[in-house]
Structures are given as C-alpha cells and as structure tokens.
$ cat input_19.tsv   # TSV, C-alpha atoms and all ligand atoms
chain	number	residue	atom	x	y	z
A	1	MET	CA	79.10	17.69	125.38
A	2	SER	CA	76.56	19.65	127.39
A	3	ARG	CA	75.05	22.67	125.74
A	4	LEU	CA	75.82	26.21	126.84
A	5	GLN	CA	72.95	27.82	128.70
A	6	VAL	CA	72.55	31.23	127.05
A	7	ALA	CA	70.09	33.88	128.25
A	8	VAL	CA	69.28	36.47	125.58
A	9	LEU	CA	68.11	39.71	127.22
A	10	TYR	CA	65.97	42.14	125.22
A	11	GLY	CA	63.33	44.86	125.45
A	12	GLY	CA	64.45	46.99	128.36
A	13	LYS	CA	63.58	50.18	130.13
A	14	SER	CA	64.78	52.52	127.39
A	15	THR	CA	63.52	54.61	124.50
A	16	GLU	CA	64.98	51.94	122.21
A	17	HIS	CA	62.88	49.08	123.66
A	18	GLU	CA	61.19	48.23	120.33
A	19	VAL	CA	64.47	48.38	118.41
A	20	SER	CA	65.94	45.90	120.89
A	21	VAL	CA	63.10	43.40	120.45
A	22	HIS	CA	63.60	43.60	116.70
A	23	SER	CA	67.38	43.01	117.07
A	24	ALA	CA	66.83	40.10	119.47
A	25	GLN	CA	64.48	38.31	117.07
A	26	THR	CA	67.34	38.00	114.59
A	27	VAL	CA	69.93	37.02	117.22
A	28	VAL	CA	67.58	34.39	118.70
A	29	GLN	CA	66.76	33.00	115.29
A	30	MET	CA	70.45	32.64	114.42
A	31	LEU	CA	71.38	31.05	117.75
A	32	GLN	CA	68.40	28.68	117.61
A	33	GLU	CA	69.87	27.19	114.46
A	34	LYS	CA	72.65	25.81	116.69
A	35	LYS	CA	70.50	23.64	118.95
A	36	ASP	CA	73.38	21.24	119.64
A	37	LYS	CA	75.52	24.11	120.94
A	38	TYR	CA	73.19	26.42	122.85
A	39	GLN	CA	70.14	26.08	125.02
A	40	LEU	CA	68.48	29.47	124.81
A	41	HIS	CA	66.48	31.22	127.51
A	42	LEU	CA	64.52	34.17	126.17
A	43	VAL	CA	64.41	36.95	128.73
A	44	PHE	CA	62.13	39.86	127.92
A	45	ILE	CA	62.59	42.98	130.05
A	46	ASP	CA	59.45	45.12	130.01
A	47	LYS	CA	59.32	48.91	130.03
A	48	GLN	CA	59.06	48.93	133.84
A	49	GLY	CA	62.27	46.87	134.05
A	50	TYR	CA	60.64	43.56	135.11
A	51	TRP	CA	62.07	40.32	133.71
A	52	PHE	CA	60.00	37.55	132.03
A	53	LEU	CA	60.85	34.20	130.48
A	54	GLN	CA	59.26	33.94	127.03
A	55	ASN	CA	58.54	30.99	124.77
A	56	GLU	CA	58.92	33.15	121.71
A	57	CYS	CA	60.98	36.30	121.36
A	58	GLY	CA	58.66	39.29	121.07
A	59	GLU	CA	56.68	41.89	122.96
A	60	SER	CA	54.80	41.12	126.18
A	61	HIS	CA	52.59	37.98	126.03
A	62	PRO	CA	50.14	36.49	128.62
A	63	ASP	CA	52.20	33.25	128.75
A	64	ASP	CA	55.34	35.10	129.86
A	65	LYS	CA	56.67	33.79	133.20
A	66	PRO	CA	57.82	36.45	135.69
A	67	ILE	CA	61.42	35.69	136.66
A	68	THR	CA	64.19	37.38	138.58
A	69	PRO	CA	67.98	37.22	138.60
A	70	VAL	CA	69.27	35.50	141.75
A	71	LEU	CA	72.66	34.88	143.26
A	72	THR	CA	72.79	31.28	144.51
A	73	PRO	CA	75.21	28.40	143.80
A	74	GLN	CA	72.44	26.52	141.93
A	75	ALA	CA	70.87	29.25	139.83
A	76	ASN	CA	71.17	32.80	138.56
A	77	LEU	CA	67.64	33.04	137.11
A	78	ARG	CA	64.50	31.91	138.92
A	79	ALA	CA	60.74	32.14	138.41
A	80	LEU	CA	59.00	34.29	141.03
A	81	ASP	CA	56.63	31.38	141.79
A	82	GLY	CA	59.58	28.96	142.17
A	83	SER	CA	58.39	26.79	139.24
A	84	TRP	CA	61.60	27.20	137.24
A	85	GLN	CA	65.26	28.03	137.68
A	86	ALA	CA	68.40	27.93	135.55
A	87	LYS	CA	72.12	28.36	135.88
A	88	ILE	CA	72.99	30.51	132.89
A	89	ASP	CA	76.51	30.21	131.44
A	90	VAL	CA	76.40	33.40	129.36
A	91	PHE	CA	74.09	36.41	129.31
A	92	PHE	CA	73.68	38.00	125.90
A	93	PRO	CA	72.28	41.53	126.22
A	94	VAL	CA	70.64	42.58	122.96
A	95	LEU	CA	69.55	45.85	124.49
A	96	HIS	CA	70.08	49.44	123.51
A	97	GLY	CA	70.22	52.79	125.24
A	98	THR	CA	69.74	54.00	128.80
A	99	ASN	CA	69.81	51.32	131.55
A	100	CYS	CA	70.93	48.78	128.95
A	101	GLU	CA	73.97	49.93	127.02
A	102	ASP	CA	75.32	52.46	129.49
A	103	GLY	CA	77.13	50.24	132.00
A	104	THR	CA	74.25	49.93	134.47
A	105	LEU	CA	73.12	46.49	133.28
A	106	GLN	CA	76.76	45.48	132.85
A	107	GLY	CA	77.42	46.39	136.50
A	108	PHE	CA	74.40	44.35	137.55
A	109	LEU	CA	75.71	41.34	135.59
A	110	GLU	CA	79.15	41.83	137.18
A	111	THR	CA	77.48	41.64	140.58
A	112	LEU	CA	75.78	38.42	139.53
A	113	ASP	CA	79.30	37.26	138.59
A	114	VAL	CA	78.26	35.91	135.18
A	115	PRO	CA	79.90	36.10	131.75
A	116	TYR	CA	78.10	38.55	129.46
A	117	VAL	CA	78.53	39.58	125.84
A	118	GLY	CA	79.82	43.04	124.99
A	119	CYS	CA	81.71	45.88	126.58
A	120	GLY	CA	82.32	46.03	130.32
A	121	VAL	CA	81.01	48.61	132.78
A	122	LEU	CA	83.39	51.48	132.14
A	123	SER	CA	83.63	51.07	128.35
A	124	SER	CA	79.84	50.92	128.10
A	125	ALA	CA	79.39	53.97	130.32
A	126	MET	CA	82.00	55.99	128.42
A	127	GLY	CA	80.64	54.88	125.04
A	128	MET	CA	77.13	55.99	125.99
A	129	ASP	CA	78.33	59.47	126.95
A	130	LYS	CA	78.95	61.54	123.83
A	131	LEU	CA	80.99	64.15	125.73
A	132	ILE	CA	83.33	61.65	127.37
A	133	THR	CA	83.74	59.71	124.12
A	134	LYS	CA	84.63	62.87	122.26
A	135	LEU	CA	87.17	63.89	124.89
A	136	ILE	CA	88.78	60.46	124.67
A	137	ALA	CA	88.71	60.57	120.87
A	138	GLN	CA	90.46	63.95	120.98
A	139	CYS	CA	93.15	62.49	123.26
A	140	ALA	CA	93.61	59.66	120.75
A	141	GLY	CA	94.09	62.17	117.93
A	142	ILE	CA	90.80	61.31	116.20
A	143	PRO	CA	89.02	64.23	114.47
A	144	VAL	CA	85.80	65.39	116.17
A	145	LEU	CA	83.55	68.41	115.61
A	146	PRO	CA	83.79	71.34	118.04
A	147	PHE	CA	81.20	71.19	120.81
A	148	TYR	CA	79.87	73.27	123.70
A	149	PRO	CA	78.55	71.45	126.80
A	150	VAL	CA	75.50	72.69	128.73
A	151	HIS	CA	74.37	71.32	132.11
A	152	ARG	CA	70.79	71.58	133.37
A	153	ASP	CA	71.66	72.71	136.89
A	154	ALA	CA	74.40	75.19	136.00
A	155	ALA	CA	73.15	78.36	134.36
A	156	TYR	CA	74.98	78.72	131.08
A	157	ASP	CA	76.21	82.00	129.71
A	158	ALA	CA	73.75	82.48	126.84
A	159	GLN	CA	75.84	85.32	125.43
A	160	ALA	CA	79.04	83.24	125.38
A	161	LEU	CA	77.17	80.35	123.76
A	162	GLU	CA	75.73	82.65	121.11
A	163	THR	CA	79.19	84.01	120.34
A	164	TRP	CA	80.51	80.45	120.08
A	165	VAL	CA	77.69	79.46	117.71
A	166	LYS	CA	78.36	82.53	115.54
A	167	GLU	CA	82.04	81.56	115.37
A	168	GLN	CA	81.18	78.01	114.29
A	169	GLY	CA	78.41	79.11	111.95
A	170	LEU	CA	74.91	77.67	111.65
A	171	PRO	CA	73.61	75.02	111.59
A	172	VAL	CA	74.50	73.51	114.92
A	173	PHE	CA	73.04	70.34	116.41
A	174	VAL	CA	71.77	70.18	119.97
A	175	LYS	CA	71.60	66.76	121.57
A	176	PRO	CA	71.26	64.98	124.90
A	177	VAL	CA	74.65	63.57	125.87
A	178	ARG	CA	73.49	60.07	126.88
A	179	LEU	CA	70.70	58.99	124.56
A	180	GLY	CA	70.30	57.33	121.18
A	181	SER	CA	68.06	56.88	118.15
A	182	SER	CA	68.08	60.68	117.65
A	183	VAL	CA	65.69	61.18	120.58
A	184	GLY	CA	65.92	64.82	121.71
A	185	VAL	CA	68.21	65.86	118.82
A	186	ARG	CA	67.46	69.07	116.90
A	187	LYS	CA	69.13	70.82	114.01
A	188	VAL	CA	69.33	74.55	114.73
A	189	LYS	CA	69.33	76.76	111.66
A	190	THR	CA	68.57	80.16	113.24
A	191	MET	CA	69.65	81.73	116.54
A	192	ASP	CA	66.01	81.82	117.65
A	193	GLU	CA	65.88	78.04	117.55
A	194	LEU	CA	68.88	77.62	119.86
A	195	LYS	CA	67.29	78.03	123.30
A	196	PRO	CA	64.15	75.96	122.50
A	197	ALA	CA	66.42	73.18	121.19
A	198	ILE	CA	68.48	73.24	124.42
A	199	ASP	CA	65.32	73.21	126.57
A	200	PHE	CA	63.99	70.31	124.49
A	201	ALA	CA	67.20	68.26	124.82
A	202	LEU	CA	67.31	68.99	128.58
A	203	GLN	CA	63.99	67.16	128.94
A	204	PHE	CA	65.87	63.95	128.14
A	205	ASP	CA	69.21	64.40	129.91
A	206	THR	CA	70.82	66.64	132.50
A	207	ASP	CA	73.72	67.20	130.09
A	208	VAL	CA	73.38	68.31	126.51
A	209	MET	CA	75.82	69.49	123.92
A	210	VAL	CA	75.71	71.98	121.12
A	211	GLU	CA	77.81	70.71	118.24
A	212	LYS	CA	79.03	72.35	115.08
A	213	GLY	CA	76.86	71.00	112.27
A	214	VAL	CA	77.91	69.47	109.01
A	215	ASP	CA	75.18	70.55	106.62
A	216	HIS	CA	73.73	67.56	104.75
A	217	ALA	CA	76.50	65.35	106.09
A	218	ARG	CA	77.21	61.93	104.66
A	219	GLU	CA	76.90	59.38	107.46
A	220	ILE	CA	79.41	56.55	107.38
A	221	PHE	CA	79.61	53.61	109.75
A	222	CYS	CA	82.19	51.01	110.68
A	223	ALA	CA	81.48	47.91	112.79
A	224	LEU	CA	83.91	46.34	115.24
A	225	TYR	CA	84.20	43.09	117.06
A	226	GLY	CA	86.81	41.44	119.24
A	227	GLU	CA	89.07	43.19	121.68
A	228	ARG	CA	92.48	44.76	122.01
A	229	GLY	CA	95.01	42.50	120.27
A	230	ASN	CA	92.34	40.67	118.30
A	231	LEU	CA	90.11	43.38	116.93
A	232	LYS	CA	88.33	43.33	113.58
A	233	SER	CA	86.84	46.32	111.83
A	234	SER	CA	84.38	45.93	108.99
A	235	ALA	CA	84.11	47.62	105.63
A	236	CYS	CA	82.53	51.07	105.91
A	237	GLY	CA	78.88	51.55	104.97
A	238	GLU	CA	76.75	54.59	104.34
A	239	LEU	CA	73.19	55.42	105.28
A	240	ARG	CA	71.58	57.90	102.94
A	241	MET	CA	68.52	59.79	103.91
A	242	LEU	CA	65.98	60.07	101.18
A	243	ALA	CA	63.98	62.89	102.76
A	244	GLY	CA	64.30	65.28	105.69
A	245	GLU	CA	67.10	67.31	107.23
A	246	PHE	CA	68.85	64.66	109.32
A	247	PHE	CA	68.42	61.16	110.69
A	248	ASP	CA	65.70	61.74	113.23
A	249	TYR	CA	63.77	58.91	114.89
A	250	ASN	CA	61.17	58.93	112.07
A	251	ALA	CA	63.77	58.56	109.33
A	252	LYS	CA	65.53	55.82	111.29
A	253	TYR	CA	62.58	53.63	112.21
A	254	LEU	CA	59.18	54.89	111.13
A	255	VAL	CA	59.27	56.13	107.55
A	256	GLU	CA	59.20	53.19	105.19
A	257	GLY	CA	62.02	53.78	102.71
A	258	GLY	CA	63.19	56.80	104.76
A	259	CYS	CA	66.79	55.86	104.13
A	260	GLU	CA	68.91	53.65	101.97
A	261	THR	CA	71.98	51.63	102.90
A	262	LYS	CA	75.07	51.45	100.75
A	263	VAL	CA	77.58	48.79	101.79
A	264	PRO	CA	80.42	49.22	101.13
A	265	ALA	CA	80.20	53.00	101.14
A	266	ASP	CA	81.11	54.76	97.94
A	267	ILE	CA	84.05	56.70	99.42
A	268	PRO	CA	87.74	56.87	98.48
A	269	ALA	CA	89.81	53.93	99.77
A	270	ASP	CA	92.11	56.16	101.85
A	271	ILE	CA	89.16	57.73	103.68
A	272	ALA	CA	87.65	54.30	104.38
A	273	ALA	CA	91.03	53.09	105.68
A	274	GLY	CA	91.31	56.18	107.91
A	275	MET	CA	87.83	55.61	109.34
A	276	ARG	CA	88.58	51.95	110.05
A	277	ALA	CA	91.82	52.86	111.80
A	278	ASP	CA	90.02	55.56	113.84
A	279	SER	CA	87.22	53.13	114.73
A	280	GLU	CA	89.74	50.63	116.05
A	281	ALA	CA	91.62	53.38	117.89
A	282	ILE	CA	88.53	54.69	119.71
A	283	PHE	CA	87.43	51.16	120.64
A	284	ARG	CA	90.89	50.49	122.09
A	285	ALA	CA	90.98	53.86	123.83
A	286	LEU	CA	87.67	53.00	125.52
A	287	ASN	CA	89.09	49.56	126.37
A	288	GLY	CA	86.16	48.00	124.52
A	289	SER	CA	85.48	44.31	124.13
A	290	GLY	CA	82.78	42.48	122.25
A	291	LEU	CA	81.15	44.61	119.63
A	292	ALA	CA	80.47	48.19	118.61
A	293	ARG	CA	79.64	50.45	115.71
A	294	ALA	CA	81.54	53.69	115.18
A	295	ASP	CA	79.69	56.50	113.37
A	296	PHE	CA	81.24	59.28	111.30
A	297	LEU	CA	80.03	62.45	109.60
A	298	MET	CA	81.65	63.49	106.35
A	299	ASP	CA	81.38	66.91	104.73
A	300	LYS	CA	81.17	67.69	101.03
A	301	ASP	CA	84.95	68.21	100.81
A	302	GLY	CA	85.65	64.70	102.13
A	303	ALA	CA	86.75	65.81	105.62
A	304	TYR	CA	85.33	63.40	108.20
A	305	TYR	CA	84.71	63.50	111.94
A	306	PHE	CA	84.13	60.72	114.44
A	307	SER	CA	80.63	61.26	115.83
A	308	GLU	CA	79.77	58.53	118.31
A	309	ILE	CA	80.18	54.87	119.20
A	310	ASN	CA	77.39	52.42	120.01
A	311	THR	CA	78.59	49.55	122.17
A	312	LEU	CA	75.38	47.55	121.63
A	313	PRO	CA	74.45	48.48	118.06
A	314	GLY	CA	71.33	47.31	116.23
A	315	MET	CA	71.68	43.60	115.47
A	316	SER	CA	68.67	42.72	113.32
A	317	HIS	CA	69.01	41.41	109.76
A	318	THR	CA	68.40	44.92	108.47
A	319	SER	CA	70.84	46.59	110.91
A	320	LEU	CA	74.19	47.86	109.78
A	321	PHE	CA	76.29	45.71	112.13
A	322	PRO	CA	75.65	42.35	110.38
A	323	GLN	CA	75.53	43.93	106.93
A	324	LEU	CA	78.90	45.62	107.37
A	325	PHE	CA	80.61	42.41	108.45
A	326	GLU	CA	78.90	40.31	105.80
A	327	ALA	CA	80.23	42.75	103.19
A	328	SER	CA	83.66	42.10	104.69
A	329	GLY	CA	83.31	38.34	104.19
A	330	GLU	CA	82.46	37.48	107.82
A	331	GLU	CA	79.46	35.34	108.66
A	332	TYR	CA	77.10	36.84	111.23
A	333	SER	CA	76.46	33.51	112.89
A	334	GLN	CA	80.21	33.01	113.44
A	335	ILE	CA	80.48	36.48	114.92
A	336	LEU	CA	77.73	35.58	117.40
A	337	ASP	CA	79.67	32.42	118.35
A	338	GLY	CA	82.81	34.54	118.74
A	339	LEU	CA	81.01	37.03	121.01
A	340	ILE	CA	79.81	34.23	123.30
A	341	GLU	CA	83.28	32.66	123.45
A	342	GLN	CA	84.80	36.03	124.19
A	343	ALA	CA	82.33	36.69	127.02
A	344	ILE	CA	83.41	33.45	128.68
A	345	ALA	CA	87.11	34.22	128.16
A	346	VAL	CA	86.81	37.75	129.59
A	347	HIS	CA	85.01	36.43	132.67
A	348	ALA	CA	87.61	33.67	133.18
A	349	ARG	CA	90.36	36.26	132.94
A	350	LYS	CA	88.71	38.38	135.64
A	351	GLU	CA	88.29	35.31	137.84
A	352	SER	CA	91.99	34.56	137.54
A	353	LEU	CA	93.01	37.94	138.97
A	354	ALA	CA	94.68	37.87	142.35
A	355	LEU	CA	91.76	39.95	143.68
A	356	ASN	CA	89.59	36.86	143.75
A	357	ARG	CA	91.96	34.72	145.82
B	1	LIG	N1	77.17	67.73	114.10
B	1	LIG	C1	76.29	67.18	113.25
B	1	LIG	N2	76.28	67.53	111.93
B	1	LIG	C2	75.38	66.97	111.09
B	1	LIG	N3	74.43	66.07	111.45
B	1	LIG	C3	74.38	65.71	112.74
B	1	LIG	C4	75.32	66.23	113.70
B	1	LIG	N4	75.03	65.68	114.90
B	1	LIG	C5	73.98	64.87	114.70
B	1	LIG	N5	73.57	64.89	113.42
B	1	LIG	C6	72.41	64.17	112.86
B	1	LIG	O1	71.59	63.72	113.92
B	1	LIG	C7	71.55	62.29	113.97
B	1	LIG	C8	71.55	61.82	115.42
B	1	LIG	O2	72.67	62.32	116.11
B	1	LIG	P1	73.70	61.39	116.89
B	1	LIG	O3	74.75	62.26	117.45
B	1	LIG	O4	74.15	60.29	115.99
B	1	LIG	O5	72.81	60.84	118.08
B	1	LIG	P2	72.10	59.42	118.37
B	1	LIG	O6	72.92	58.79	119.45
B	1	LIG	O7	70.74	59.79	118.85
B	1	LIG	O8	72.13	58.61	117.10
B	1	LIG	C9	72.76	61.86	113.17
B	1	LIG	O9	72.58	60.56	112.63
B	1	LIG	C10	72.83	62.93	112.10
B	1	LIG	O10	71.83	62.71	111.09
B	2	MG	MG	73.76	58.25	115.88

$ encode --input "input_19.tsv" --output "structure tokens"
Amino acid sequence: MSRLQVAVLYGGKSTEHEVSVHSAQTVVQMLQEKKDKYQLHLVFIDKQGYWFLQNECGESHPDDKPITPVLTPQANLRALDGSWQAKIDVFFPVLHGTNCEDGTLQGFLETLDVPYVGCGVLSSAMGMDKLITKLIAQCAGIPVLPFYPVHRDAAYDAQALETWVKEQGLPVFVKPVRLGSSVGVRKVKTMDELKPAIDFALQFDTDVMVEKGVDHAREIFCALYGERGNLKSSACGELRMLAGEFFDYNAKYLVEGGCETKVPADIPADIAAGMRADSEAIFRALNGSGLARADFLMDKDGAYYFSEINTLPGMSHTSLFPQLFEASGEEYSQILDGLIEQAIAVHARKESLALNR
C-alpha cells in the first residue's frame, strides 16, 4: 500500500508563530513513528508568510528549500527552483492565530482543492472571532459573560460604556476580538484604566470587547475531536496560575512554572458534565470538524461561563489538548490518525456534491 503524503504546516505569520513550531515538533515526532503509513513533508511558514521545505521541524535554517503551493494535476507543492515537487494527499495545519486558524489558510487550501485537517473556512473564522462565537453560544443557550463591543472606526459613547462598566462592576477585561495567547488583553481594575486598555487592544484589532470580569477565575478546558454525529469531548482540565492577575502571555509561555495543570480538573461531576455538553454544543453550533478546545471561566460560587473556542489548539506534549484526551483514555497518536482520516472523508464528501458535476 502506498503511503499517504502528508504536509505538516507550521510557523506562520502570526503572534503565535513560536507556539506553532513547538506544537508541530510533537505532531511530526508522533507521525514519524508511523513511517509505513505516512510520508511527511515538513513545511515551515516564516513570519513573512513564505513557505519552506525543512529536513527537520524547527525555526528557519539555511538548508530550508523555498517552495510554493501550486495548482497542477501533478503537484500541489513545488520548489521555487523546480528541483522538487510533490502531490500532497493531506495538509495538516499545526498553526495558531491570525492568518492560520481564522479561515484564511483554510480558504487557501480549499482553493488548492486539497484535504486538510481541522475546521473548515466558516467554522474557523467564527471560532477565531470572540464576538461571533459568543453570539452563537448565546443562541445555543450556553452561558457567557456580558460584553460590550467597541469598533476602532466608530466613535463609542464613553459615557454609556462607563455606565455599563459600573453596572457590571470592576474588574472588566478588555481584549482584541480576533487574537490569541492573551496578546492585547488587559484586566481593568479602575475606571482610569479603561480607555488606555481599549486603546491598547485597538492596536491589535479593529474590534475589541469589554467583558465583565470574573475575579481570580478558575480556568477550565475541554478538548474536542470528530464532527457532528461522531464527536468526542475529553475530560475537563484546569490551568492554575501560580502568580499574577490573569493568564497573560508571560504566564502562558515565558515564566517557567508560571502555571500548573490539573487533569482531570478538581470540579464537581455535574459541572464537568455541563461543560462537556456545552463544549460539544458550541462545536456543533459552529459546524466544527476536526479538533478544538473550549475554554471556560468559573467563579468562586461554581457558576461557569463559556469563554472561547480554539479551533487549532496547542498540540505539543505539554499542551492541554493531548493531555485532556490522554486523561480520557484516548491515545494521542490515534487521534492524529483520526484527524487525517477525517480530513480525507470531509474532502471526499465535498467532492461528491452536485456542485462539482
Ligand atoms: N472575563 C474574564 N474574567 C476573568 N479572566 C479573564 C476574562 N477574560 C479573559 N480573562 C483572562 O485573560 C486570559 C486571556 O483571555 P482570552 O479571552 O482567553 O483570550 P486569548 O484568546 O488571548 O486566550 C484568560 O485566560 C483569563 O486568564
Ligand atoms: Mg484563552
């Protein structure tokens, strides 16, 4: 049996470039253990968005070969100097954030007409947008925290916003609507901090939101894989911050021992069951397929709120996604196989639509 040609895509033109490389190293290592099944092509996307074929998954290296996606019957990846080409069966984006997880890359892969792992264009785009996701969650009856949207090009009524914040009570969180890894997020504890926090968030996105804060929230996560009809949710896990006010970029990635993971989370069984059901419901409402991680905030009284969904969550050994499923008795390497099979099945289903005849 011929091996599947799999291109793993990583790096990317996003603030989460380094996180992606780290995730990809684990995914590549796991897939390389199945040499009889997959022939891997390691595609590094640099911070300018250029594509390179690598011998070893990592940051930029002088041996990297510049390549480009192409649309020909013989190949869908080709070296710029013509020295190499391949017909890839499945693209596996291990990318996070803007240009990667937000439907743009997915649209590009649709245009190339190739199977790819993970959510499609619309699910990815909706999942990346915290406002849209929250509106959809509300429609699906899933609890979310009150929020107030602000747009860069439409002057907002500062007085009305201040009144709203007073009604909700401080703290509030101000965040860009379409970003990740806590970039641009600030906790606002006094009214004076509100405008600077909005101006700061607006440097990263044209849309930001002010959200009612849960002071010293517990942060609980649930991983998902599959699709409507055959969807699996994992046990819930908790990330505990050991210092600081909230999970900022430093606590997430830079401070050694900045947080501790507890899987499964030490929460009552009925709350965990509720979060799993809500995670599945939001994934279905977004028409997701592939994988995701749903994030929740829980207050000291045990009330919880759906916060956001990541349709390409961190996938390294130390990331929550594999840990949550392993705690649920699922092997990570089998999940990766399942994601590749699903990508092929989803593409075949699209091909079979009458549109293509
Ligand atoms: N409403 C909130 N109440 C309490 N903490 C929050 C709230 N919103 C965000 N945070 C804190 O900020 C972090 C980043 O916010 P989040 O909405 O998850 O954005 P990102 O997509 O950047 O991860 C969260 O992990 C949490 O620590
Ligand atoms: Mg988050």

$ residues_near_ligand --input "input_19.tsv" --ligand "ligand LIG 1 (chain B)" --cutoff "6 Å" --atoms "all atoms listed in the file" --output "PyMOL selection string"
chain A and resi 173+179-183+211-215+217+246-248

$ closest_atom_pairs --input "input_19.tsv" --of "chain A" --to "ligand MG 2 (chain B)" --cutoff "12 Å" --atoms "all atoms listed in the file" --output "CSV"
residue,atom,partner,partner_atom,distance
A:Gly97,CA,B:MG2,MG,11.4
A:Gly127,CA,B:MG2,MG,11.9
A:Met128,CA,B:MG2,MG,10.9
A:Lys130,CA,B:MG2,MG,10.0
A:Lys175,CA,B:MG2,MG,10.5
A:Pro176,CA,B:MG2,MG,11.5
A:Val177,CA,B:MG2,MG,11.4
A:Arg178,CA,B:MG2,MG,11.2
A:Leu179,CA,B:MG2,MG,9.2
A:Gly180,CA,B:MG2,MG,6.4
A:Ser181,CA,B:MG2,MG,6.3
A:Ser182,CA,B:MG2,MG,6.4
A:Val183,CA,B:MG2,MG,9.8
A:Gly184,CA,B:MG2,MG,11.8
A:Val185,CA,B:MG2,MG,9.9
A:Glu219,CA,B:MG2,MG,9.1
A:Ile220,CA,B:MG2,MG,10.3
A:Phe221,CA,B:MG2,MG,9.7
A:Leu239,CA,B:MG2,MG,11.0
A:Phe246,CA,B:MG2,MG,10.4
A:Phe247,CA,B:MG2,MG,8.0
A:Asp248,CA,B:MG2,MG,9.2
A:Tyr249,CA,B:MG2,MG,10.1
A:Ala251,CA,B:MG2,MG,11.9
A:Lys252,CA,B:MG2,MG,9.7
A:Arg293,CA,B:MG2,MG,9.8
A:Ala294,CA,B:MG2,MG,9.0
A:Asp295,CA,B:MG2,MG,6.7
A:Phe296,CA,B:MG2,MG,8.8
A:Leu297,CA,B:MG2,MG,9.8
A:Phe306,CA,B:MG2,MG,10.8
A:Ser307,CA,B:MG2,MG,7.5
A:Glu308,CA,B:MG2,MG,6.5
A:Ile309,CA,B:MG2,MG,8.0
A:Asn310,CA,B:MG2,MG,8.0
A:Thr311,CA,B:MG2,MG,11.8
A:Pro313,CA,B:MG2,MG,10.0
A:Gly314,CA,B:MG2,MG,11.2

$ atom_distance --input "input_19.tsv" --atom1 "CA of Gly237 in chain A" --atom2 "CA of Leu95 in chain A"
22.4 Å

$ closest_residue --input "input_19.tsv" --among "A:Ser316, A:Gly329, A:Ala354, A:Val210" --to "Met30 in chain A" --atoms "all atoms listed in the file"
A:Ser316

$ atom_distance --input "input_19.tsv" --atom1 "CA of Glu245 in chain A" --atom2 "CA of Gly169 in chain A"
17.0 Å

$ atom_distance --input "input_19.tsv" --atom1 "CA of Tyr148 in chain A" --atom2 "CA of Tyr304 in chain A"
19.2 Å

$ residues_around --input "input_19.tsv" --residues "range 15-25 of chain A" --least-positions-apart "2" --cutoff "7 Å" --atoms "all atoms listed in the file" --output "MDAnalysis selection string"
chainID A and resid 10:13 27:29 57:58 94:97 314:316

$ residues_near_point --input "input_19.tsv" --point "(77.9, 45.0, 115.6)" --cutoff "10 Å" --atoms "all atoms listed in the file" --output "PyMOL selection string"
chain A and resi 118+222-225+233-234+290-294+310-316+319-325+332+335-336

$ residues_around --input "input_19.tsv" --residues "range 282-289 of chain A" --least-positions-apart "5" --cutoff "9 Å" --atoms "all atoms listed in the file" --output "PyMOL selection string"
chain A and resi 117-120+122-124+126-127+133+136-137+139-140+142+224-228+231+277+294+309+311+342-343+346

$ closest_residue --input "input_19.tsv" --among "A:Gln85, A:Gln203, A:Pro264, A:His216" --to "Ala243 in chain A" --atoms "only C-alpha atoms"
A:His216

$ decode --input "input_19.tsv" --residues "range 92-105 of chain A" --atoms "C-alpha atoms" --output "PDB file, in the first residue's frame"
ATOM      1  CA  PHE A  92      -2.044  19.180   8.363  1.00  0.00           C
ATOM      2  CA  PRO A  93      -2.007  22.781   9.619  1.00  0.00           C
ATOM      3  CA  VAL A  94      -0.406  22.934  13.057  1.00  0.00           C
ATOM      4  CA  LEU A  95      -0.735  26.694  13.108  1.00  0.00           C
ATOM      5  CA  HIS A  96      -2.327  29.102  15.511  1.00  0.00           C
ATOM      6  CA  GLY A  97      -3.847  32.556  15.376  1.00  0.00           C
ATOM      7  CA  THR A  98      -4.303  35.188  12.684  1.00  0.00           C
ATOM      8  CA  ASN A  99      -3.817  34.040   9.059  1.00  0.00           C
ATOM      9  CA  CYS A 100      -3.627  30.449  10.284  1.00  0.00           C
ATOM     10  CA  GLU A 101      -6.584  29.498  12.438  1.00  0.00           C
ATOM     11  CA  ASP A 102      -9.050  32.120  11.245  1.00  0.00           C
ATOM     12  CA  GLY A 103     -10.294  30.619   7.982  1.00  0.00           C
ATOM     13  CA  THR A 104      -7.850  32.423   5.693  1.00  0.00           C
ATOM     14  CA  LEU A 105      -5.446  29.486   5.329  1.00  0.00           C
TER      15      LEU A 105
END
